[in-house]
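Reviewing the structure listed below.
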Amino acid sequence: MLRHFLRLLIGVVAGFAILIAIVWVLSLTLGMREVLYQGEPLAYWQEACLSTNPVERSQAIALLNAQILPDLTNTMFHDWNDSKLRLRAIQFLNELPGIEIAYVAAPGRRGGAASALGDFGPPASAAVPALIEALNGSDPAVRRAAAIALGRIHSEPDIVIPMLVPYLNSPGLAEAAVLGLGGFGPVAKPAVPELLALFNNPDPDTQKAVWYTLQGIDPDAFAAAVLEFRSRQDEAANEARADAGAHTNSPPVLNPVQ
C-alpha cells in the first residue's frame, strides 16, 4: 500500500515538474526578446552615439546608419502582424500565478520604433524623412511618437518646425506637436504665437506641455503669458465675488402665485 502511494506521489510530482517545464519553455518561446546589435541593446548604442570618445561615437553612428535605422524604420512602417494564437496563449499563461510573459502588440512595436529613433537624438538625422512620412501618414500608433522623435533629433528645423505647427490644432496630436517643437528650443521661436494660443488649453496635458515648451523656446514670452494668465484669473475671481455679493444683498424674489 505504501509502495503504491509512493509511486503515485512520484508520478504526480513528475507530472507537475513536466508541466512547469512546459510552461517555462512556452514563456521563453512566446515572450519577446530584446533585439541586440553586435551583442548590445539599443540603449547601449544610443549612449555610444553621444560618446565623447570620437572613435566610439564614429563606430556607433556607422552601425546606426547601416543597421539600426533601417531595422527601426522597417518596424515602424511594416510591423503589422500578430499571431492571434500566440496572443491567446500569452493571455492564458499570464493568468497563471507567478507567470508574466512580456509581449508588445504590433501597434506598440511600431510606436516604440519611432520613439527609439528619437532616443538617438541628432545622430539619427537620417531618420527625419521617414519620421516626417510617419507623422503625415494615417497610422495612429506612430504619428504621436514621430512628432516627439522629430523634436528629439531636432534636425532640419526649417522643414520640421513649419510642418509641426499645423498639428498644434490637431486632436490627439496637439501635445505631441508641442513637445516636438520644444525639442528645437529657441530655434522654434517662430511658433511662439501658435503656442501662446494654447496657453490656457482645456486639456491639462497639452497645457502642461505648452508651458514647459515655452519656457525653453522663449522665456520672456512665457513670463508675460503667465502674468496675463494670472491677471485674467484675478479679474474673473473679482467678478465672481462681486456677482455673489450682488445676489446676496438683493431682495428675495416674490412668487407671483403667492
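Lettering and numbering for the C-alpha cells are positional, with chains as A, B, ... in the shown order, residues counted from 1 in each chain, and ligands counted from 1 in the shown order.
By only C-alpha atoms, and with residues fewer than 4 positions from A:Leu50 along its chain excluded, the set lying at most 10 Å from it is Trp45, Gln46, Pro54, Glu56, Arg57, Ser58, Ala60, Ile61, Phe120, Gly121, Pro122 and Pro123 of chain A.
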**Spatial neighbours of stretch 200-205 of chain A, 10 Å, only C-alpha atoms, chain gap at least 2 places, as a list of chain:residue names** =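 Contacts, with the query itself left out: A:Ala174, A:Glu175, A:Leu195, A:Leu196, A:Ala197, A:Leu198, A:Gln207, A:Lys208, A:Ala209, A:Val210, A:Trp211, A:Ala225, A:Val226, A:Phe229.
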**Asked** Pick the closest to A:Leu164 from A:Leu64, A:Val178, A:Val128, A:Ala48: which is it, counting only C-alpha atoms?
**Response**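 Among A:Leu64, A:Val178, A:Val128, A:Ala48, it is A:Val178 that comes nearest to A:Leu164.
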**Message:** What parts of stretch 105-184 of chain A does DSSP call alpha helix (DSSP H)? I'd like the answer as a ChimeraX atom specification.
**Reply:** /A:106-119,128-135,140-153,157-164,174-182
Selected residues, C-alpha atoms, written as a PDB file, in the first residue's frame, please.
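The resulting result.pdb:
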ATOM      1  CA  ALA A 106       2.188  45.318 -33.219  1.00  0.00           C
ATOM      2  CA  PRO A 107       0.905  48.897 -32.677  1.00  0.00           C
ATOM      3  CA  GLY A 108       3.165  49.240 -29.650  1.00  0.00           C
ATOM      4  CA  ARG A 109       6.123  47.887 -31.566  1.00  0.00           C
ATOM      5  CA  ARG A 110       5.598  50.386 -34.381  1.00  0.00           C
ATOM      6  CA  GLY A 111       5.253  53.299 -31.988  1.00  0.00           C
ATOM      7  CA  GLY A 112       8.214  52.054 -29.980  1.00  0.00           C
ATOM      8  CA  ALA A 113      10.379  52.014 -33.103  1.00  0.00           C
ATOM      9  CA  ALA A 114       9.543  55.672 -33.780  1.00  0.00           C
ATOM     10  CA  SER A 115      10.350  56.567 -30.178  1.00  0.00           C
ATOM     11  CA  ALA A 116      13.636  54.658 -30.341  1.00  0.00           C
ATOM     12  CA  LEU A 117      14.684  56.662 -33.389  1.00  0.00           C
ATOM     13  CA  GLY A 118      14.158  59.844 -31.383  1.00  0.00           C
ATOM     14  CA  ASP A 119      16.139  58.450 -28.466  1.00  0.00           C
ATOM     15  CA  VAL A 128      13.977  62.542 -40.322  1.00  0.00           C
ATOM     16  CA  PRO A 129      12.375  61.880 -43.748  1.00  0.00           C
ATOM     17  CA  ALA A 130      10.899  58.579 -42.519  1.00  0.00           C
ATOM     18  CA  LEU A 131       9.585  60.224 -39.337  1.00  0.00           C
ATOM     19  CA  ILE A 132       8.006  63.020 -41.384  1.00  0.00           C
ATOM     20  CA  GLU A 133       6.337  60.406 -43.565  1.00  0.00           C
ATOM     21  CA  ALA A 134       5.084  58.587 -40.450  1.00  0.00           C
ATOM     22  CA  LEU A 135       3.733  61.782 -38.904  1.00  0.00           C
ATOM     23  CA  PRO A 140      -2.169  56.455 -35.154  1.00  0.00           C
ATOM     24  CA  ALA A 141       0.295  54.102 -33.482  1.00  0.00           C
ATOM     25  CA  VAL A 142       3.296  56.028 -34.814  1.00  0.00           C
ATOM     26  CA  ARG A 143       2.138  59.598 -35.505  1.00  0.00           C
ATOM     27  CA  ARG A 144       2.443  60.884 -31.926  1.00  0.00           C
ATOM     28  CA  ALA A 145       5.791  59.157 -31.351  1.00  0.00           C
ATOM     29  CA  ALA A 146       7.085  60.502 -34.676  1.00  0.00           C
ATOM     30  CA  ALA A 147       6.253  64.121 -33.749  1.00  0.00           C
ATOM     31  CA  ILE A 148       8.121  63.832 -30.461  1.00  0.00           C
ATOM     32  CA  ALA A 149      11.037  61.981 -32.075  1.00  0.00           C
ATOM     33  CA  LEU A 150      11.480  64.766 -34.633  1.00  0.00           C
ATOM     34  CA  GLY A 151      11.950  67.207 -31.774  1.00  0.00           C
ATOM     35  CA  ARG A 152      14.442  64.984 -30.001  1.00  0.00           C
ATOM     36  CA  ILE A 153      16.520  64.674 -33.162  1.00  0.00           C
ATOM     37  CA  PRO A 157      14.390  72.870 -38.398  1.00  0.00           C
ATOM     38  CA  ASP A 158      13.433  74.874 -41.491  1.00  0.00           C
ATOM     39  CA  ILE A 159      11.412  71.891 -42.687  1.00  0.00           C
ATOM     40  CA  VAL A 160      10.238  70.260 -39.467  1.00  0.00           C
ATOM     41  CA  ILE A 161       9.119  73.287 -37.432  1.00  0.00           C
ATOM     42  CA  PRO A 162       6.654  74.662 -40.028  1.00  0.00           C
ATOM     43  CA  MET A 163       5.382  71.132 -40.538  1.00  0.00           C
ATOM     44  CA  LEU A 164       4.704  70.605 -36.806  1.00  0.00           C
ATOM     45  CA  ALA A 174      -1.500  68.679 -30.197  1.00  0.00           C
ATOM     46  CA  GLU A 175       0.535  67.655 -27.148  1.00  0.00           C
ATOM     47  CA  ALA A 176       2.991  65.660 -29.284  1.00  0.00           C
ATOM     48  CA  ALA A 177       3.422  68.597 -31.687  1.00  0.00           C
ATOM     49  CA  VAL A 178       4.104  70.899 -28.738  1.00  0.00           C
ATOM     50  CA  LEU A 179       6.743  68.540 -27.365  1.00  0.00           C
ATOM     51  CA  GLY A 180       8.240  68.145 -30.834  1.00  0.00           C
ATOM     52  CA  LEU A 181       8.613  71.916 -31.164  1.00  0.00           C
ATOM     53  CA  GLY A 182      10.061  72.058 -27.661  1.00  0.00           C
TER      54      GLY A 182
END
**Asked** atom CA of A:Ile68 and atom CA of A:Ala127, how far apart in Å?
**Response**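 A separation of 10.4 Å between them.
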**Message:** If we count only C-alpha atoms and set the cut-off at 10 Å, which residues sit around A:Gln215, ignoring sequence neighbours fewer than 6 positions away in its own chain? Please answer as a ChimeraX atom specification.
**Reply:** /A:182,185-186,221-223
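Note that atom CA of A:Tyr212 and atom CA of A:Gly172 are 18.5 Å apart.
Ranking A:Ser155, A:Asp220, A:Asn136, A:Gln67 by their shortest atom-to-atom distance to A:Leu173, with only C-alpha atoms included, puts A:Asn136 first.
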**Request:** Quick one: pull the distance between atom CA of A:Ile217 and atom CA of A:Val192, Å, one decimal.
**Result:** 7.7 Å
**Asked** Quick one: of A:Ala126, A:Arg88, A:Ser51, A:Phe199, who's nearest to A:Glu228, counting only C-alpha atoms?
**Response**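 Answer, going by the shortest atom-to-atom distance: A:Phe199.
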